[in-house]
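Enquirer: To start, I am sharing the structure in question, which I have written as C-alpha cells.
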Amino acid sequence: MTGVIGLPAHVPELGEDRGGPATPLLAVSGLIKHFGKRGGFLSKAGAVVRAVDGVSFDVAKGETLGIVGESGCGKSTVARLIMQIIKPDAGELLFDGEAVGSAELDIRSFRKQVQMIFQDSYASLNPRLTVEDTVAFGPRVHGASRAQSITLAHDLLHRVGLEPGRFAGRYPHEISGGQRQRVNIARGLALNPRLLILDEAVSALDKSVEAQVLNLLLDLKAEFGLTYIFISHDLNVVRFMSDRVMVMYLGKVAEVGPADAVFSKPGHPYTEALLASMPSMDPDNRTQEAPITGDPPNPINPPPGCRFHTRCKYAADVCKVDEPLLYGVGDMHLAACHIANPASGHPLATQAKVAA
Amino acid sequence: MSAIADSPPVVVLAQAGKGYWASVWSRLIKDKVAMTALAVILVIVLAAIFAPYIAPADPFKGSMLRRLKPIGFPGYPLGGDELGRDMLTRLIYGGRLSIFMGVLPVLCAFVVGSSIGIFAGYVGGWINTLLMRIIDVFFAFPSVLLAIALSGALGAGILNSIVSLTIVFVPQIARVAEAVTTQIRTRDYVEAARVSGAGAFTIVRMHVLGNVLGPIFVFSTSLISVSMILAAGLSFLGLGVKPPEAEWGLMLNTLRTAIYSQPLVAALPGLMIFMVSISFNLFSDGLRSAMEVKQ
C-alpha cells in the first residue's frame with residue numbers, strides 16, 4: 001500500500017497494519033446517538049429522536065460490510081458517527097485495535113485513514129474549486145506541497161477514469177453526475193485511507209453509470225487493499241458489493257451476517273419482508289401483496305419490546321414486552337428476533353431452531 | 001468507463017477551465033441595464049477624481065452679483081447657486097465627498113459585518129444565537145433614525161458620520177453573512193473537508209469564503225445607494241459635511257431656500273444622488289442575476 005500514489009513519507013507508518021489480520025479494522029460497540037429536540041418556548045420539551053440506539057458491529061480487514069435499511073433507520077447517522085462528523089452520546093470505536101480519540105490514535109490521524117464518499121455528488125463538491133484542487137485539498141492539508149498534491153490528484157483522476165488533461169481544470173458544474181462521483185472517489189482516495197465509507201454513493205446515479213462506478217469501486221478495492229462500509233437502500237447493489245450485510249431498523253441492528261446467508265435465509269422477519277418487497281424479475285412470480293406496509297414508527301417514541309413488532313406478521317405477546325438481543329441463526333449470522341431464541345417463549349421459536 | 005468520460009466533449013470543452021468569475025463577467029457584460037449603470041457610475045466617479053482638471057471654475061469662488069442664475073446662463077452651464085458659485089463645478093466636486101460617503105461606510109461595514117456573520121454562522125450554537133440577538137437589537141431602530149442618533153451623539157463631521165453609517169450597516173451585512181454561512185456550513189463539501197482533517201480556519205478560507213462572499217458583496221453594493229442617501233441626509237441636517245464644502249446632500253440643504261426662484265437648479269444635487277444611487281442598485285441587481293446562474 002506504500003507509495004502507490006506517492007503520499008508524503010510519514011503516511012505509510014500511520015496507515016500500516018498494526019493489529020494483524022485477525023483484528024477487526026473497525027470495531028464499533030454500543031454506539032448511541034439521540035438527537036435532542038430541545039424544548040423551545042412553545043414546543044414540548046424533552047422529545048428525543050433515538051437515531052442510533054446501541055449499535056455494535058465489526059468490520060474485518062479487506063471486507064465490504066453492507067448496511068441496509070429504510071430511510072430514517074440510522075444508516076447515515078452511523079456513517080457520520082464513525083467519521084466523527086457528529087459526536088456520539090455513547091459508544092466506543094476501535095480502529096485496528098486502538099481507541100479512536102485516545103493518545104495512540106487521535107482524531108486527525110484516524111480521519112486520515114478513514115474517508116467517506118457522500119450521496120449527493122453535487123453538494124459534496126465545492127462549486128468554486130476545480131476538480132484537481134478538490135482532490136488535492138486533503139494532501140495539502142496534511143502538508144504535501146502544491147506540486148506534489150496536484151501530481152497525486154492527476155494520478156488519482158486518471159485512476160478513476162477521468163483524463164486529467166481534460167478534467168483537472170474543470171468546475172463541478174461542467175461535468176456530469178457520474179463524473180462528479182468519480183471525483184468524489186478520487187478525493188476519498190487522496191489521503192490513502194484504509195477504510196472507505198460509501199454513504200449511498202451510487203444511489204443518485206442512473207443505472208448504467210451506477211454499474212460503472214460499482215465496478216470501479218471493486219477495482220479500486222483490490223488495487224489499494226481497501227475495506228468498505230457500503231451503505232445503501234438498494235438491496236441488489238448491496239448484495240453485489242458486500243461480503244457481509246447488516247440490516248438496520250429504527251436505530252438498531254436487526255440482523256447481521258454473511259451476504260449470501262442473509263439474502264438466502266433471512267433470520268429476521270424484517271429482512272424477510274425487505275427481500276420480499278424487491279420486485280421479482282419473473283413476471284409469473286409477481287409480488288401480489290405488499291409484504292410490509294406503512295412507515296416505520298416514529299423514532300421519537302419507539303415501540304416497547306421489539307421495535308418491529310408493530311409491522312411484524314409473526315409478532316407474539318413476548319415481542320411487545322421484551323426487547324430481543326442478537327441471537328445466532330447460523331454461522332456468523334445473528335438476528336435480533338425472539339424466534340431465534342428458543343428460551344424466549346415465542347410460539348415459533350422452537351421451529352426456527354430446527355430450521356437453523 | 002470511458003464511455004461517460006467521452007460523451008459530451010463539444011459543449012463542455014467550450015467552457016472548460018473558465019473560472020467562475022470569468023463566467024459571471026461574461027454574463028454581466030451582456031446585461032445592458034447593468035452595463036449602462038456601471039458606465040454612469042464610472043463617468044461620475046472619474047469626473048469626481050479628476051475634478052480639478054475638468055471643472056470649469058473654482059468651486060468656492062462666489063459672486064454676489066451672480067447669485068441663483070438659471071441653467072444655461074453664460075459662463076454658468078448649470079446655473080449658479082445661492083452664493084453665485086458655478087453649479088456644474090460644485091456638482092463635479094460634490095461627487096468626491098458624496099461617493100466617498102457612500103462607499104467607505106459600506107466597505108467598513110462589509111469587513112466588520114461579514115467577519116461577525118461568518119464567524120457566527122460557522123461556529124453556530126449559542127455563540128451564534130447570542131451574536132445574532134445582539135445584532136437584532138440594532139434592527140429595532142429605523143436606519144435613518146439610528147444614523148441621526150449616532151451622528152448626533154458623536155458630533156458633526158465627516159469622520160463621525162462615516163462611523164455612524166458603518167454602525168448602521170454592520171448588523172444588516174452581518175445578518176446576511178450569517179444566513180449564507182449557516183447554509184454553506186452544512187453542505188457535504190464542508191463536511192468532506194472536515195473529514196479530510198482540515199482545521200476550521202483552512203475550511204473557512206478554502207471552502208466557505210469563496211461561496212459566501214459573493215452574495216454578501218451583492219447585498220453590500222445595494223447598500224451603497226442607501227449610504228449615499230443617508231449621508232446626504234446627515235449633511236442636510238448639518239450633522240455631516242459642513243459648508244462651504246461641496247457635497248450633494250449639503251447643496252440640497254443650502255439650495256432649498258431657492259426652491260421657488262430657481263427650482264431646476266435647486267433640484268440638481270438631488271438628481272445626482274438619484275442617478276448614482278439608482279445606478280448602484282441596478283448594477284448590484286445585474287451582478288446578482290449574473291452570479292445566480294451556476295452555483
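Labels used: A, B, ... for chains in the order of the C-alpha cells, numbers from 1 for residues in each chain, and numbers from 1 for ligands as shown.
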Can you list every residue of chain A that has an atom at most 8 Å from chain B, with its nearest atom pair and the distance in Å to one decimal, using only C-alpha atoms, ordered by chain then number, as a tab-separated table?
Expert:
```
residue	atom	partner	partner_atom	distance
A:Met83	CA	B:Val195	CA	6.8
A:Gln84	CA	B:Val195	CA	7.9
A:Ile85	CA	B:Glu191	CA	7.1
A:Arg108	CA	B:Gly197	CA	5.5
A:Arg111	CA	B:Val195	CA	6.0
A:Lys112	CA	B:Ser196	CA	6.3
A:Gln115	CA	B:Val195	CA	6.8
A:Met116	CA	B:Ala192	CA	7.4
A:Phe118	CA	B:Asp188	CA	7.1
A:Asp120	CA	B:Asp188	CA	7.8
A:Ala123	CA	B:Asp188	CA	5.6
A:Ser124	CA	B:Tyr189	CA	4.0
A:Leu125	CA	B:Tyr189	CA	5.1
A:Asn126	CA	B:Tyr189	CA	5.7
A:Pro127	CA	B:Gln295	CA	6.2
A:Arg128	CA	B:Gly210	CA	6.6
A:Phe137	CA	B:Ala193	CA	7.8
A:Gly138	CA	B:Ser196	CA	5.3
A:Val141	CA	B:Ala198	CA	5.7
A:His142	CA	B:Gly197	CA	7.7
A:Gly161	CA	B:Met1	CA	6.4
A:Leu162	CA	B:Ala5	CA	6.3
A:Glu163	CA	B:Ala5	CA	7.9
A:Gly169	CA	B:Gly17	CA	4.9
A:Arg170	CA	B:Gly17	CA	4.9
A:Tyr171	CA	B:Gly17	CA	7.1
A:His173	CA	B:Lys294	CA	7.2
A:Glu174	CA	B:Val12	CA	6.2
A:Ile175	CA	B:Val12	CA	7.5
A:Gly178	CA	B:Ile4	CA	7.7
A:Gln179	CA	B:Ala5	CA	7.2
A:Leu191	CA	B:Ser196	CA	7.6
A:Val209	CA	B:Ile4	CA	7.8
A:Gln212	CA	B:Met1	CA	6.0
```
Enquirer: For the residues selected in the previous step, produce a file with N, CA and C atoms as a compact mmCIF listing (two decimals), in the first residue's frame.
Expert:
```
# COMPACT_ATOMS: atom_id res chain seq x y z
N MET A 83 -17.33 8.73 11.25
CA MET A 83 -16.44 9.76 10.72
C MET A 83 -16.19 10.88 11.72
N GLN A 84 -16.86 10.84 12.86
CA GLN A 84 -16.71 11.89 13.88
C GLN A 84 -17.20 13.24 13.37
N ILE A 85 -18.10 13.22 12.40
CA ILE A 85 -18.71 14.48 11.97
C ILE A 85 -19.68 14.92 13.05
N ARG A 108 -7.39 13.27 14.23
CA ARG A 108 -6.80 13.70 12.96
C ARG A 108 -6.15 12.52 12.23
N ARG A 111 -8.88 10.16 10.96
CA ARG A 111 -9.58 10.64 9.76
C ARG A 111 -8.75 10.45 8.50
N LYS A 112 -7.44 10.48 8.67
CA LYS A 112 -6.58 10.29 7.53
C LYS A 112 -6.73 8.87 6.97
N GLN A 115 -12.05 7.55 5.11
CA GLN A 115 -12.65 8.62 4.34
C GLN A 115 -14.07 8.22 3.95
N MET A 116 -14.82 9.22 3.53
CA MET A 116 -16.23 8.99 3.27
C MET A 116 -16.60 9.55 1.89
N PHE A 118 -19.89 10.79 -0.20
CA PHE A 118 -21.25 11.21 0.12
C PHE A 118 -22.21 10.86 -1.01
N ASP A 120 -24.80 12.85 -2.33
CA ASP A 120 -25.08 13.90 -3.29
C ASP A 120 -23.77 14.37 -3.90
N ALA A 123 -23.56 18.34 -4.12
CA ALA A 123 -23.38 19.10 -2.88
C ALA A 123 -22.05 18.79 -2.22
N SER A 124 -21.43 17.66 -2.58
CA SER A 124 -20.20 17.31 -1.89
C SER A 124 -18.96 17.84 -2.61
N LEU A 125 -19.17 18.61 -3.69
CA LEU A 125 -18.03 19.27 -4.33
C LEU A 125 -18.21 20.77 -4.23
N ASN A 126 -17.14 21.44 -3.83
CA ASN A 126 -17.17 22.88 -3.72
C ASN A 126 -17.27 23.49 -5.12
N PRO A 127 -18.35 24.25 -5.41
CA PRO A 127 -18.54 24.78 -6.76
C PRO A 127 -17.44 25.73 -7.20
N ARG A 128 -16.68 26.27 -6.27
CA ARG A 128 -15.65 27.25 -6.61
C ARG A 128 -14.27 26.64 -6.80
N PHE A 137 -6.96 18.85 -2.10
CA PHE A 137 -7.15 19.57 -0.83
C PHE A 137 -6.67 18.78 0.38
N GLY A 138 -7.06 17.51 0.47
CA GLY A 138 -6.68 16.68 1.62
C GLY A 138 -5.18 16.58 1.81
N VAL A 141 -3.71 19.76 3.07
CA VAL A 141 -3.95 19.97 4.50
C VAL A 141 -2.96 19.18 5.33
N HIS A 142 -2.60 18.00 4.83
CA HIS A 142 -1.66 17.18 5.58
C HIS A 142 -0.22 17.44 5.18
N GLY A 161 -10.73 7.13 -13.95
CA GLY A 161 -11.28 7.18 -15.30
C GLY A 161 -11.55 8.58 -15.82
N LEU A 162 -10.97 9.59 -15.21
CA LEU A 162 -11.13 10.95 -15.72
C LEU A 162 -9.76 11.41 -16.21
N GLU A 163 -9.65 11.65 -17.50
CA GLU A 163 -8.36 12.04 -18.06
C GLU A 163 -7.97 13.41 -17.51
N GLY A 169 -8.94 20.80 -14.80
CA GLY A 169 -9.21 22.22 -14.61
C GLY A 169 -10.68 22.58 -14.61
N ARG A 170 -11.55 21.57 -14.66
CA ARG A 170 -12.98 21.89 -14.75
C ARG A 170 -13.60 22.13 -13.38
N TYR A 171 -14.74 22.79 -13.42
CA TYR A 171 -15.51 23.03 -12.21
C TYR A 171 -16.64 22.01 -12.14
N HIS A 173 -19.78 22.08 -12.01
CA HIS A 173 -20.97 22.23 -12.84
C HIS A 173 -20.68 21.92 -14.30
N GLU A 174 -19.40 21.72 -14.62
CA GLU A 174 -19.06 21.43 -16.01
C GLU A 174 -18.94 19.94 -16.32
N ILE A 175 -19.19 19.10 -15.30
CA ILE A 175 -19.09 17.66 -15.54
C ILE A 175 -20.38 16.96 -15.10
N GLY A 178 -22.07 11.28 -12.91
CA GLY A 178 -21.18 10.14 -12.74
C GLY A 178 -19.73 10.58 -12.63
N GLN A 179 -19.38 11.60 -13.42
CA GLN A 179 -18.02 12.12 -13.36
C GLN A 179 -17.76 12.78 -12.02
N LEU A 191 -6.06 10.63 0.49
CA LEU A 191 -5.29 10.52 1.73
C LEU A 191 -4.81 9.10 1.96
N VAL A 209 -24.57 4.21 -15.31
CA VAL A 209 -23.44 4.85 -14.67
C VAL A 209 -23.16 4.19 -13.32
N GLN A 212 -21.05 1.20 -13.73
CA GLN A 212 -19.64 1.54 -13.99
C GLN A 212 -18.93 1.94 -12.70
```
Enquirer: Please provide as a PyMOL selection string all residues within 8 Å of stretch 61-63 of chain B, with the sequence filter that same-chain residues fewer than 3 positions apart are discarded (counting only C-alpha atoms).
Expert: chain B and resi 58+66-67+83-86
Enquirer: Residues within 10 Å of B:Lys30, please, as a PyMOL selection string. Count only C-alpha atoms; anything in the same chain fewer than 4 positions from it doesn't count.
Expert: chain B and resi 25-26+34-35+286+290
Enquirer: For A:His34, list every protein, DNA or RNA residue within 7 Å, evaluated using only C-alpha atoms, and leave out those in the same chain fewer than 5 positions away; present the list as an MDAnalysis selection string.
Expert: chainID A and resid 48:52 89
Enquirer: Using only C-alpha atoms, which protein or nucleic acid residues come within 7 Å of B:Thr182? Drop anything in the same chain fewer than 3 positions from it, and give the result as a ChimeraX atom specification.
Expert: /B:121-122,178-179,185-186
Enquirer: If I take atom CA of A:Arg244 and atom CA of A:Pro266, how far is one from the other in Å, to one decimal?
Expert: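 Pair atom CA of A:Arg244 / atom CA of A:Pro266 returns 12.8 Å.
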Enquirer: Mind listing the alpha helix (DSSP H) residues of stretch 19-107 of chain A, per DSSP on the backbone, as a PyMOL selection string?
Expert: chain A and resi 75-82+107
Enquirer: Just the selected residues (C-alpha atoms), exported as a JSON list (two decimals), in the first residue's frame, please.
Expert:
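Saved the output as result02.json:
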```
[["chain", "number", "residue", "atom", "x", "y", "z"],
["A", 75, "LYS", "CA", -27.66, 4.22, 8.40],
["A", 76, "SER", "CA", -26.25, 7.63, 7.58],
["A", 77, "THR", "CA", -26.06, 8.62, 11.22],
["A", 78, "VAL", "CA", -23.87, 5.58, 11.84],
["A", 79, "ALA", "CA", -21.60, 6.72, 8.99],
["A", 80, "ARG", "CA", -21.40, 10.24, 10.37],
["A", 81, "LEU", "CA", -20.73, 8.95, 13.87],
["A", 82, "ILE", "CA", -17.87, 6.80, 12.61],
["A", 107, "ILE", "CA", -8.99, 12.03, 15.56]]
```
Enquirer: Would you give me, as a list of chain:residue names, the residues in stretch 105-242 of chain A that DSSP reads as strand (DSSP E or B)?
Expert: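 Going through stretch 105-242 of chain A, the strand (DSSP E or B) residues come out as A:Val114, A:Gln115, A:Met116, A:Ile117, A:Leu195, A:Leu196, A:Ile197, A:Leu198, A:Asp199, A:Thr227, A:Tyr228, A:Ile229, A:Phe230, A:Ile231.
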Enquirer: Could you check how far atom CA of A:Leu198 sits from atom CA of A:Leu105, in Å to one decimal?
Expert: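 Result for atom CA of A:Leu198 versus atom CA of A:Leu105: 22.5 Å, one decimal.
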Enquirer: Residues near B:Ala177, anyone? I mean within 6 Å using only C-alpha atoms, not counting same-chain ones fewer than 5 positions away, as a compact mmCIF listing (two decimals) with C-alpha atoms, in the first residue's frame.
Expert:
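Result file is result_21.txt:
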```txt
# COMPACT_ATOMS: atom_id res chain seq x y z
CA SER B 114 -19.02 39.70 7.23
CA GLY B 117 -21.60 36.99 10.38
CA ILE B 118 -19.26 34.32 9.01
CA ILE B 216 -22.65 39.34 0.77
```
Enquirer: Find the residues near stretch 246-259 of chain B: any atom within 12 Å, counting only C-alpha atoms, skip ones fewer than 6 places away on the same chain, and give them as a short mmCIF file (atom, residue, chain, number, x, y, z; two decimals) with N, CA and C atoms, in the first residue's frame.
Expert:
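Heads up, here's the output in out30.cif:
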```cif
data_model
loop_
_atom_site.label_atom_id
_atom_site.label_comp_id
_atom_site.auth_asym_id
_atom_site.auth_seq_id
_atom_site.Cartn_x
_atom_site.Cartn_y
_atom_site.Cartn_z
N ALA B 48 -15.33 62.91 -10.67
CA ALA B 48 -15.04 63.37 -9.32
C ALA B 48 -13.54 63.30 -9.05
N ALA B 51 -11.68 66.02 -10.92
CA ALA B 51 -12.42 67.28 -10.85
C ALA B 51 -11.56 68.51 -11.12
N ASP B 58 -13.76 77.57 -10.11
CA ASP B 58 -13.37 77.28 -8.73
C ASP B 58 -14.63 76.99 -7.92
N PRO B 59 -14.68 75.86 -7.22
CA PRO B 59 -15.93 75.50 -6.53
C PRO B 59 -16.25 76.43 -5.37
N PHE B 60 -15.28 77.19 -4.87
CA PHE B 60 -15.54 78.02 -3.69
C PHE B 60 -15.67 79.51 -4.02
N LYS B 61 -15.39 79.89 -5.24
CA LYS B 61 -15.38 81.31 -5.58
C LYS B 61 -16.79 81.76 -5.97
N ARG B 67 -25.83 85.55 -8.19
CA ARG B 67 -26.48 84.52 -7.39
C ARG B 67 -27.67 83.94 -8.14
N LEU B 68 -27.89 82.66 -7.95
CA LEU B 68 -29.09 81.97 -8.43
C LEU B 68 -29.39 82.22 -9.89
N LYS B 69 -28.39 81.96 -10.71
CA LYS B 69 -28.63 82.10 -12.14
C LYS B 69 -29.25 80.82 -12.69
N PRO B 70 -30.08 80.93 -13.73
CA PRO B 70 -30.74 79.74 -14.28
C PRO B 70 -29.77 78.88 -15.07
N GLY B 80 -26.07 79.03 -11.30
CA GLY B 80 -25.26 79.39 -10.15
C GLY B 80 -26.04 79.15 -8.88
N ASP B 81 -25.31 78.91 -7.76
CA ASP B 81 -26.03 78.61 -6.52
C ASP B 81 -26.30 79.87 -5.72
N GLU B 82 -26.71 79.73 -4.49
CA GLU B 82 -27.16 80.88 -3.70
C GLU B 82 -26.03 81.85 -3.38
N LEU B 83 -24.76 81.42 -3.55
CA LEU B 83 -23.64 82.34 -3.34
C LEU B 83 -22.94 82.68 -4.64
N GLY B 84 -23.61 82.36 -5.78
CA GLY B 84 -23.06 82.71 -7.08
C GLY B 84 -21.94 81.80 -7.53
N ARG B 85 -21.81 80.57 -6.93
CA ARG B 85 -20.78 79.64 -7.37
C ARG B 85 -21.31 78.79 -8.52
N ASP B 86 -20.40 78.32 -9.34
CA ASP B 86 -20.80 77.56 -10.52
C ASP B 86 -21.34 76.19 -10.11
N MET B 87 -22.57 75.89 -10.49
CA MET B 87 -23.22 74.64 -10.09
C MET B 87 -22.53 73.42 -10.67
N LEU B 88 -22.17 73.50 -11.96
CA LEU B 88 -21.54 72.35 -12.61
C LEU B 88 -20.26 71.96 -11.86
N THR B 89 -19.45 72.98 -11.55
CA THR B 89 -18.22 72.71 -10.81
C THR B 89 -18.51 72.07 -9.47
N ARG B 90 -19.49 72.63 -8.78
CA ARG B 90 -19.79 72.11 -7.44
C ARG B 90 -20.39 70.71 -7.50
N LEU B 91 -21.14 70.42 -8.55
CA LEU B 91 -21.68 69.06 -8.68
C LEU B 91 -20.55 68.06 -8.92
N ILE B 92 -19.58 68.45 -9.75
CA ILE B 92 -18.45 67.55 -10.02
C ILE B 92 -17.65 67.33 -8.75
N TYR B 93 -17.34 68.43 -8.06
CA TYR B 93 -16.59 68.29 -6.81
C TYR B 93 -17.41 67.57 -5.74
N GLY B 94 -18.70 67.81 -5.75
CA GLY B 94 -19.57 67.20 -4.73
C GLY B 94 -19.56 65.69 -4.80
N GLY B 95 -19.36 65.16 -6.01
CA GLY B 95 -19.30 63.70 -6.16
C GLY B 95 -18.19 63.09 -5.33
N ARG B 96 -17.10 63.84 -5.13
CA ARG B 96 -15.98 63.30 -4.36
C ARG B 96 -16.45 62.88 -2.98
N LEU B 97 -17.03 63.83 -2.25
CA LEU B 97 -17.43 63.52 -0.88
C LEU B 97 -18.64 62.58 -0.85
N SER B 98 -19.59 62.84 -1.75
CA SER B 98 -20.82 62.05 -1.71
C SER B 98 -20.55 60.58 -1.97
N ILE B 99 -19.76 60.29 -3.01
CA ILE B 99 -19.48 58.89 -3.33
C ILE B 99 -18.60 58.27 -2.26
N PHE B 100 -17.64 59.07 -1.78
CA PHE B 100 -16.80 58.61 -0.68
C PHE B 100 -17.64 58.21 0.52
N MET B 101 -18.62 59.07 0.84
CA MET B 101 -19.50 58.78 1.98
C MET B 101 -20.45 57.63 1.67
N GLY B 102 -20.64 57.34 0.41
CA GLY B 102 -21.48 56.19 0.06
C GLY B 102 -20.71 54.89 0.14
N ILE B 158 -17.27 64.69 9.10
CA ILE B 158 -17.24 63.62 8.10
C ILE B 158 -16.91 62.28 8.75
N SER B 227 -26.43 54.26 1.68
CA SER B 227 -25.43 55.02 2.43
C SER B 227 -25.31 56.45 1.89
N MET B 228 -25.33 56.59 0.55
CA MET B 228 -25.24 57.93 -0.03
C MET B 228 -26.41 58.79 0.40
N ILE B 229 -27.60 58.18 0.38
CA ILE B 229 -28.79 58.95 0.73
C ILE B 229 -28.76 59.33 2.21
N LEU B 230 -28.35 58.36 3.05
CA LEU B 230 -28.27 58.66 4.47
C LEU B 230 -27.23 59.74 4.74
N ALA B 231 -26.07 59.64 4.05
CA ALA B 231 -25.01 60.64 4.24
C ALA B 231 -25.50 62.01 3.81
N ALA B 232 -26.22 62.02 2.67
CA ALA B 232 -26.78 63.29 2.21
C ALA B 232 -27.76 63.83 3.24
N GLY B 233 -28.53 62.92 3.81
CA GLY B 233 -29.50 63.33 4.84
C GLY B 233 -28.80 63.92 6.06
N LEU B 234 -27.70 63.27 6.48
CA LEU B 234 -26.96 63.79 7.63
C LEU B 234 -26.40 65.17 7.32
N SER B 235 -25.87 65.35 6.10
CA SER B 235 -25.35 66.66 5.73
C SER B 235 -26.46 67.69 5.69
N PHE B 236 -27.60 67.26 5.17
CA PHE B 236 -28.76 68.14 5.09
C PHE B 236 -29.14 68.64 6.48
N LEU B 237 -29.04 67.75 7.48
CA LEU B 237 -29.39 68.13 8.84
C LEU B 237 -28.27 68.84 9.56
N GLY B 238 -27.12 69.01 8.86
CA GLY B 238 -26.00 69.69 9.49
C GLY B 238 -25.17 68.79 10.36
N LEU B 239 -25.34 67.46 10.21
CA LEU B 239 -24.57 66.54 11.03
C LEU B 239 -23.38 65.96 10.28
N GLY B 240 -23.31 66.18 8.98
CA GLY B 240 -22.23 65.59 8.20
C GLY B 240 -21.22 66.64 7.78
N VAL B 265 -32.40 74.43 -10.71
CA VAL B 265 -31.05 74.44 -10.14
C VAL B 265 -31.06 73.77 -8.77
N ALA B 266 -32.08 74.08 -7.98
CA ALA B 266 -32.15 73.52 -6.63
C ALA B 266 -32.30 72.02 -6.66
N ALA B 267 -32.87 71.47 -7.75
CA ALA B 267 -33.11 70.03 -7.81
C ALA B 267 -31.90 69.25 -8.29
N LEU B 268 -30.89 69.96 -8.86
CA LEU B 268 -29.76 69.26 -9.47
C LEU B 268 -29.01 68.31 -8.53
N PRO B 269 -28.67 68.74 -7.32
CA PRO B 269 -27.95 67.80 -6.44
C PRO B 269 -28.78 66.55 -6.14
N GLY B 270 -30.08 66.75 -6.00
CA GLY B 270 -30.97 65.61 -5.79
C GLY B 270 -30.95 64.66 -6.97
N LEU B 271 -30.90 65.24 -8.15
CA LEU B 271 -30.85 64.43 -9.36
C LEU B 271 -29.57 63.58 -9.38
N MET B 272 -28.46 64.18 -8.97
CA MET B 272 -27.19 63.45 -8.94
C MET B 272 -27.29 62.27 -7.96
N ILE B 273 -27.83 62.55 -6.76
CA ILE B 273 -27.96 61.48 -5.77
C ILE B 273 -28.81 60.37 -6.34
N PHE B 274 -29.90 60.76 -6.98
CA PHE B 274 -30.81 59.78 -7.56
C PHE B 274 -30.11 58.94 -8.62
N MET B 275 -29.38 59.62 -9.51
CA MET B 275 -28.74 58.89 -10.60
C MET B 275 -27.70 57.91 -10.10
N VAL B 276 -26.87 58.36 -9.19
CA VAL B 276 -25.80 57.48 -8.72
C VAL B 276 -26.38 56.32 -7.91
#
```
